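File shown: my_file-v2.cif (mmCIF, C-alpha atoms).
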```cif
data_target
loop_
_atom_site.group_PDB
_atom_site.id
_atom_site.type_symbol
_atom_site.label_atom_id
_atom_site.label_comp_id
_atom_site.auth_asym_id
_atom_site.auth_seq_id
_atom_site.Cartn_x
_atom_site.Cartn_y
_atom_site.Cartn_z
ATOM 1 C CA MET A 10 126.873 95.879 101.845
ATOM 2 C CA ALA A 11 123.344 96.731 103.005
ATOM 3 C CA LEU A 12 122.297 98.139 99.633
ATOM 4 C CA PHE A 13 122.472 94.718 98.038
ATOM 5 C CA ARG A 14 120.890 92.761 100.910
ATOM 6 C CA LEU A 15 117.922 90.540 100.115
ATOM 7 C CA PRO A 16 115.010 90.402 102.540
ATOM 8 C CA SER A 17 115.900 88.522 105.711
ATOM 9 C CA SER A 18 112.356 87.669 106.736
ATOM 10 C CA GLY A 19 110.488 84.836 105.071
ATOM 11 C CA PRO A 20 107.448 85.550 102.909
ATOM 12 C CA ALA A 21 105.079 84.323 105.612
ATOM 13 C CA ALA A 22 106.386 87.041 107.928
ATOM 14 C CA LEU A 23 105.253 89.767 105.534
ATOM 15 C CA ALA A 24 101.797 90.549 106.899
ATOM 16 C CA PRO A 25 101.702 94.262 107.642
ATOM 17 C CA ARG A 26 98.723 95.668 109.494
ATOM 18 C CA GLY A 27 97.453 99.092 110.422
ATOM 19 C CA ASN A 28 94.666 101.558 109.663
ATOM 20 C CA GLY A 29 92.198 98.765 110.468
ATOM 21 C CA LEU A 30 93.621 96.584 107.679
ATOM 22 C CA LEU A 31 95.651 93.375 107.411
ATOM 23 C CA LEU A 32 97.699 92.648 104.291
ATOM 24 C CA ARG A 33 98.949 89.118 103.700
ATOM 25 C CA ALA A 34 99.831 86.647 100.970
ATOM 26 C CA PRO A 35 96.867 84.850 99.386
ATOM 27 C CA GLN A 36 96.003 81.363 100.654
ATOM 28 C CA MET A 37 93.782 78.630 99.212
ATOM 29 C CA SER A 38 91.240 79.357 101.953
ATOM 30 C CA ASP A 39 90.755 82.823 100.373
ATOM 31 C CA PHE A 40 89.429 81.399 97.115
ATOM 32 C CA LEU A 41 85.674 81.781 97.675
ATOM 33 C CA GLN A 42 85.880 85.317 99.027
ATOM 34 C CA TRP A 43 88.383 86.321 96.316
ATOM 35 C CA ALA A 44 86.360 84.787 93.467
ATOM 36 C CA HIS A 45 83.116 86.372 94.706
ATOM 37 C CA LEU A 46 84.690 89.829 95.081
ATOM 38 C CA ARG A 47 86.379 89.655 91.675
ATOM 39 C CA GLU A 48 83.240 88.356 89.907
ATOM 40 C CA SER A 49 80.958 90.940 91.508
ATOM 41 C CA SER A 50 83.494 93.649 90.536
ATOM 42 C CA ARG A 51 84.216 92.425 86.999
ATOM 43 C CA ASP A 52 82.549 95.319 85.150
ATOM 44 C CA TYR A 53 84.153 97.827 87.505
ATOM 45 C CA LEU A 54 87.680 96.342 87.116
ATOM 46 C CA THR A 55 87.660 95.441 83.398
ATOM 47 C CA PRO A 56 88.648 98.909 82.058
ATOM 48 C CA TRP A 57 91.765 98.960 84.275
ATOM 49 C CA GLU A 58 93.112 95.391 84.026
ATOM 50 C CA PRO A 59 94.519 92.959 81.474
ATOM 51 C CA ILE A 60 91.977 90.548 79.991
ATOM 52 C CA TRP A 61 91.232 87.828 82.535
ATOM 53 C CA PRO A 62 92.099 84.225 81.584
ATOM 54 C CA SER A 63 88.999 82.125 80.893
ATOM 55 C CA ASP A 64 89.621 80.037 84.031
ATOM 56 C CA ASP A 65 90.596 82.988 86.238
ATOM 57 C CA LEU A 66 87.786 82.582 88.767
ATOM 58 C CA THR A 67 87.973 78.791 89.021
ATOM 59 C CA ARG A 68 89.443 76.911 91.966
ATOM 60 C CA SER A 69 92.087 75.301 89.713
ATOM 61 C CA GLY A 70 92.982 78.703 88.242
ATOM 62 C CA PHE A 71 93.385 80.108 91.757
ATOM 63 C CA ARG A 72 95.529 77.121 92.767
ATOM 64 C CA ARG A 73 97.828 77.764 89.759
ATOM 65 C CA ARG A 74 97.964 81.444 90.739
ATOM 66 C CA LEU A 75 99.078 80.477 94.261
ATOM 67 C CA ARG A 76 101.807 78.180 92.885
ATOM 68 C CA ARG A 77 103.113 81.014 90.699
ATOM 69 C CA TYR A 78 102.977 83.405 93.656
ATOM 70 C CA SER A 79 104.944 80.938 95.783
ATOM 71 C CA GLU A 80 107.625 80.594 93.091
ATOM 72 C CA ASP A 81 107.829 84.359 92.630
ATOM 73 C CA ILE A 82 108.117 85.018 96.371
ATOM 74 C CA SER A 83 110.822 82.351 96.748
ATOM 75 C CA ALA A 84 112.763 83.901 93.850
ATOM 76 C CA ASP A 85 112.305 87.449 95.260
ATOM 77 C CA ARG A 86 110.511 88.513 92.033
ATOM 78 C CA SER A 87 107.069 89.407 93.309
ATOM 79 C CA TYR A 88 105.072 89.767 96.549
ATOM 80 C CA PRO A 89 101.266 89.581 96.372
ATOM 81 C CA PHE A 90 99.060 90.804 99.220
ATOM 82 C CA LEU A 91 95.339 90.558 99.757
ATOM 83 C CA ILE A 92 93.781 93.350 101.812
ATOM 84 C CA PHE A 93 91.356 92.503 104.627
ATOM 85 C CA ARG A 94 89.425 94.677 107.052
ATOM 86 C CA GLU A 95 90.456 93.616 110.541
ATOM 87 C CA LEU A 96 87.006 94.398 111.967
ATOM 88 C CA ASP A 97 85.131 91.694 110.042
ATOM 89 C CA GLY A 98 87.731 89.903 107.887
ATOM 90 C CA ALA A 99 86.174 91.192 104.656
ATOM 91 C CA MET A 100 88.503 91.160 101.665
ATOM 92 C CA VAL A 101 88.581 94.591 100.022
ATOM 93 C CA GLY A 102 91.207 94.154 97.292
ATOM 94 C CA GLY A 103 94.845 93.406 96.627
ATOM 95 C CA ILE A 104 98.268 94.922 96.048
ATOM 96 C CA THR A 105 101.179 93.217 94.310
ATOM 97 C CA LEU A 106 104.792 94.283 94.337
ATOM 98 C CA ALA A 107 106.105 92.888 91.041
ATOM 99 C CA ASN A 108 109.164 93.171 88.848
ATOM 100 C CA VAL A 109 111.503 93.319 91.855
ATOM 101 C CA ARG A 110 115.006 94.256 90.751
ATOM 102 C CA ARG A 111 117.970 93.927 93.086
ATOM 103 C CA GLY A 112 121.629 94.843 92.841
ATOM 104 C CA ILE A 113 122.203 98.485 91.971
ATOM 105 C CA VAL A 114 118.464 99.094 91.365
ATOM 106 C CA GLN A 115 116.620 97.882 94.515
ATOM 107 C CA ALA A 116 113.214 98.690 93.025
ATOM 108 C CA GLY A 117 109.832 97.162 92.343
ATOM 109 C CA THR A 118 106.522 98.043 90.733
ATOM 110 C CA ILE A 119 103.193 98.029 92.517
ATOM 111 C CA GLY A 120 99.819 97.273 91.059
ATOM 112 C CA TYR A 121 96.540 97.201 92.963
ATOM 113 C CA TRP A 122 92.822 96.637 92.708
ATOM 114 C CA VAL A 123 89.857 97.240 94.978
ATOM 115 C CA GLY A 124 86.492 95.497 94.809
ATOM 116 C CA LYS A 125 83.588 97.650 93.656
ATOM 117 C CA PRO A 126 81.728 97.512 97.012
ATOM 118 C CA HIS A 127 84.818 98.998 98.703
ATOM 119 C CA ALA A 128 85.785 101.602 96.088
ATOM 120 C CA HIS A 129 86.058 105.305 96.910
ATOM 121 C CA ARG A 130 86.247 104.656 100.671
ATOM 122 C CA GLY A 131 89.971 105.229 101.187
ATOM 123 C CA TYR A 132 90.899 101.558 101.579
ATOM 124 C CA MET A 133 93.593 101.531 98.898
ATOM 125 C CA THR A 134 95.268 104.682 100.198
ATOM 126 C CA ALA A 135 95.206 103.211 103.719
ATOM 127 C CA ALA A 136 96.521 99.830 102.501
ATOM 128 C CA LEU A 137 99.358 101.357 100.518
ATOM 129 C CA ARG A 138 100.359 103.459 103.534
ATOM 130 C CA VAL A 139 100.463 100.239 105.578
ATOM 131 C CA LEU A 140 102.519 98.394 102.952
ATOM 132 C CA LEU A 141 105.137 101.017 102.071
ATOM 133 C CA PRO A 142 107.122 100.682 105.348
ATOM 134 C CA THR A 143 107.448 96.933 104.600
ATOM 135 C CA LEU A 144 108.624 97.607 101.048
ATOM 136 C CA PHE A 145 111.257 100.097 102.184
ATOM 137 C CA GLY A 146 112.043 98.178 105.391
ATOM 138 C CA GLU A 147 111.899 94.376 105.266
ATOM 139 C CA LEU A 148 112.181 94.227 101.465
ATOM 140 C CA ASN A 149 114.927 96.878 101.437
ATOM 141 C CA LEU A 150 113.757 98.720 98.331
ATOM 142 C CA HIS A 151 115.207 102.067 97.326
ATOM 143 C CA ARG A 152 112.400 102.891 94.888
ATOM 144 C CA VAL A 153 108.763 101.885 94.385
ATOM 145 C CA GLU A 154 107.173 102.527 91.004
ATOM 146 C CA ALA A 155 103.594 102.528 89.733
ATOM 147 C CA ALA A 156 101.802 103.221 86.468
ATOM 148 C CA CYS A 157 98.189 104.058 85.759
ATOM 149 C CA ILE A 158 95.998 105.005 82.840
ATOM 150 C CA PRO A 159 95.709 108.814 82.652
ATOM 151 C CA THR A 160 91.904 108.693 82.960
ATOM 152 C CA ASN A 161 92.039 106.656 86.180
ATOM 153 C CA ALA A 162 91.632 109.640 88.518
ATOM 154 C CA PRO A 163 91.032 107.539 91.683
ATOM 155 C CA SER A 164 94.306 105.658 91.158
ATOM 156 C CA ILE A 165 96.204 108.893 90.552
ATOM 157 C CA ARG A 166 94.769 110.291 93.819
ATOM 158 C CA VAL A 167 95.881 107.184 95.745
ATOM 159 C CA LEU A 168 99.451 107.514 94.507
ATOM 160 C CA GLU A 169 99.645 111.247 95.103
ATOM 161 C CA LYS A 170 98.179 110.932 98.635
ATOM 162 C CA CYS A 171 100.864 108.347 99.397
ATOM 163 C CA GLY A 172 103.664 110.664 98.283
ATOM 164 C CA PHE A 173 104.422 109.334 94.795
ATOM 165 C CA SER A 174 105.722 111.827 92.230
ATOM 166 C CA ARG A 175 104.509 111.864 88.653
ATOM 167 C CA GLU A 176 107.570 111.187 86.506
ATOM 168 C CA GLY A 177 106.321 110.944 82.958
ATOM 169 C CA LEU A 178 104.113 109.290 80.381
ATOM 170 C CA ALA A 179 104.856 105.921 78.824
ATOM 171 C CA ARG A 180 103.104 105.610 75.478
ATOM 172 C CA ARG A 181 101.207 102.363 74.818
ATOM 173 C CA TYR A 182 102.863 100.956 77.942
ATOM 174 C CA LEU A 183 100.589 98.066 78.978
ATOM 175 C CA CYS A 184 97.902 96.007 77.268
ATOM 176 C CA ILE A 185 94.813 96.745 79.366
ATOM 177 C CA ASN A 186 91.425 95.275 78.501
ATOM 178 C CA GLY A 187 92.914 94.149 75.175
ATOM 179 C CA VAL A 188 94.227 97.586 74.124
ATOM 180 C CA TRP A 189 97.736 99.035 74.401
ATOM 181 C CA GLN A 190 97.236 101.977 76.756
ATOM 182 C CA ASP A 191 99.333 105.024 77.637
ATOM 183 C CA HIS A 192 100.248 105.137 81.351
ATOM 184 C CA LEU A 193 101.380 107.848 83.714
ATOM 185 C CA LEU A 194 104.535 106.777 85.550
ATOM 186 C CA PHE A 195 104.966 107.448 89.267
ATOM 187 C CA GLY A 196 107.846 106.841 91.663
ATOM 188 C CA LEU A 197 108.536 107.046 95.378
ATOM 189 C CA LEU A 198 112.069 106.960 96.805
ATOM 190 C CA HIS A 199 112.897 105.603 100.242
ATOM 191 C CA GLU A 200 114.362 108.934 101.334
ATOM 192 C CA ASP A 201 111.176 110.767 100.255
ATOM 193 C CA PHE A 202 108.853 108.381 102.102
ATOM 194 C CA ARG A 203 107.277 109.819 105.237
ATOM 195 C CA GLY A 204 105.853 106.730 106.877
#
```
Would you mind writing the structure in this file as structure tokens?
Amino acid sequence: MALFRLPSSGPAALAPRGNGLLLRAPQMSDFLQWAHLRESSRDYLTPWEPIWPSDDLTRSGFRRRLRRYSEDISADRSYPFLIFRELDGAMVGGITLANVRRGIVQAGTIGYWVGKPHAHRGYMTAALRVLLPTLFGELNLHRVEAACIPTNAPSIRVLEKCGFSREGLARRYLCINGVWQDHLLFGLLHEDFRG
């Protein structure tokens, strides 16, 4: 039955492109650009993310991250993507589909970040619009979910521009920057997606 089908394409095949962007799984060769973008954006990202591990921006920390990503992709649990501008190859941020649930659910949760130099330029909206057809197509999801802190107006705008519906408020939902934070919950169904 198609509803329960797992993705038929291998993880390496998931590299959607469009809107001048390429999304693909992280590779070891991305380390320097990734570490520089994350470090230069630390103050900008800190209010919206979990506390970073002490070795987060080290080469060994990145290597461990890649091993975990590989295991998660192989187990159909999570799919990380880095976002690059096609024009010059600059990394602008990342999107991860996590918490993939199969069977009668066919859903996953997206999280994303954009580097400070690329913020407020429409890159995340464009990247999410590029990725959604892959999530509903190759990954055969029925539902994509997202959550964001109520004061994160740019993130709310991204989700709303991409067709997500606000579905509720989850109190003290995620530990962000060391504090349990309320989050707005958003969802997008395959049949509501206008890709």
Expansion of the PyMOL selection byres ((chain A and resi 88) around 10) into residues, as a PDB file with C-alpha atoms, in the coordinates of the input:
```pdb
ATOM      1  CA  PRO A  20     107.448  85.550 102.909  1.00  0.00           C
ATOM      2  CA  LEU A  23     105.253  89.767 105.534  1.00  0.00           C
ATOM      3  CA  ARG A  33      98.949  89.118 103.700  1.00  0.00           C
ATOM      4  CA  ALA A  34      99.831  86.647 100.970  1.00  0.00           C
ATOM      5  CA  PRO A  35      96.867  84.850  99.386  1.00  0.00           C
ATOM      6  CA  TYR A  78     102.977  83.405  93.656  1.00  0.00           C
ATOM      7  CA  SER A  79     104.944  80.938  95.783  1.00  0.00           C
ATOM      8  CA  ASP A  81     107.829  84.359  92.630  1.00  0.00           C
ATOM      9  CA  ILE A  82     108.117  85.018  96.371  1.00  0.00           C
ATOM     10  CA  SER A  83     110.822  82.351  96.748  1.00  0.00           C
ATOM     11  CA  ASP A  85     112.305  87.449  95.260  1.00  0.00           C
ATOM     12  CA  ARG A  86     110.511  88.513  92.033  1.00  0.00           C
ATOM     13  CA  SER A  87     107.069  89.407  93.309  1.00  0.00           C
ATOM     14  CA  PRO A  89     101.266  89.581  96.372  1.00  0.00           C
ATOM     15  CA  PHE A  90      99.060  90.804  99.220  1.00  0.00           C
ATOM     16  CA  ILE A 104      98.268  94.922  96.048  1.00  0.00           C
ATOM     17  CA  THR A 105     101.179  93.217  94.310  1.00  0.00           C
ATOM     18  CA  LEU A 106     104.792  94.283  94.337  1.00  0.00           C
ATOM     19  CA  ALA A 107     106.105  92.888  91.041  1.00  0.00           C
ATOM     20  CA  ASN A 108     109.164  93.171  88.848  1.00  0.00           C
ATOM     21  CA  VAL A 109     111.503  93.319  91.855  1.00  0.00           C
ATOM     22  CA  GLY A 117     109.832  97.162  92.343  1.00  0.00           C
ATOM     23  CA  ILE A 119     103.193  98.029  92.517  1.00  0.00           C
ATOM     24  CA  LEU A 144     108.624  97.607 101.048  1.00  0.00           C
ATOM     25  CA  LEU A 148     112.181  94.227 101.465  1.00  0.00           C
TER      26      LEU A 148
END
```
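CA of Ala156 (chain A) is found 23.4 Å from CA of Pro126 (chain A).
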List the spatial neighbours of Gly187 (chain A) as a list in words - criterion: any atom at most 10 Å away, all atoms listed in the file, same-chain residues fewer than 3 positions off excluded.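 My list of contacting residues is Thr55, Pro56, Glu58, Pro59, Ile60, Trp61, Leu183, Cys184 and Gln190 of chain A.
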Write the residues you've just listed into a file as a CSV table (one decimal), keeping the file's coordinate frame, and include C-alpha atoms for each of them.
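The resulting file, part-v7.csv, is reproduced below:
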```
chain,number,residue,atom,x,y,z
A,55,THR,CA,87.7,95.4,83.4
A,56,PRO,CA,88.6,98.9,82.1
A,58,GLU,CA,93.1,95.4,84.0
A,59,PRO,CA,94.5,93.0,81.5
A,60,ILE,CA,92.0,90.5,80.0
A,61,TRP,CA,91.2,87.8,82.5
A,183,LEU,CA,100.6,98.1,79.0
A,184,CYS,CA,97.9,96.0,77.3
A,190,GLN,CA,97.2,102.0,76.8
```
Find the nearest atom pair between each residue of region 99-143 of chain A and region 160-168 of chain A for residues within 9 Å, count all atoms listed in the file, give distances in Å to one decimal, sort rows by chain and ascending number, and present the table as CSV.
```
residue,atom,partner,partner_atom,distance
A:Tyr121,CA,A:Ser164,CA,8.9
A:His129,CA,A:Pro163,CA,7.6
A:Gly131,CA,A:Val167,CA,8.3
A:Met133,CA,A:Val167,CA,6.9
A:Thr134,CA,A:Val167,CA,5.1
A:Ala135,CA,A:Val167,CA,8.9
A:Leu137,CA,A:Val167,CA,8.3
```
Please identify all polymer residues within 7 Å of Phe173 (chain A), counting only C-alpha atoms, omitting same-chain residues fewer than 4 positions from it, and present them as an mmCIF file with C-alpha atoms, keeping the file's coordinate frame.
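Output file part06.cif follows:
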```
data_model
loop_
_atom_site.group_PDB
_atom_site.id
_atom_site.type_symbol
_atom_site.label_atom_id
_atom_site.label_comp_id
_atom_site.auth_asym_id
_atom_site.auth_seq_id
_atom_site.Cartn_x
_atom_site.Cartn_y
_atom_site.Cartn_z
ATOM 1 C CA LEU A 168 99.451 107.514 94.507
ATOM 2 C CA GLU A 169 99.645 111.247 95.103
ATOM 3 C CA PHE A 195 104.966 107.448 89.267
ATOM 4 C CA GLY A 196 107.846 106.841 91.663
ATOM 5 C CA LEU A 197 108.536 107.046 95.378
#
```
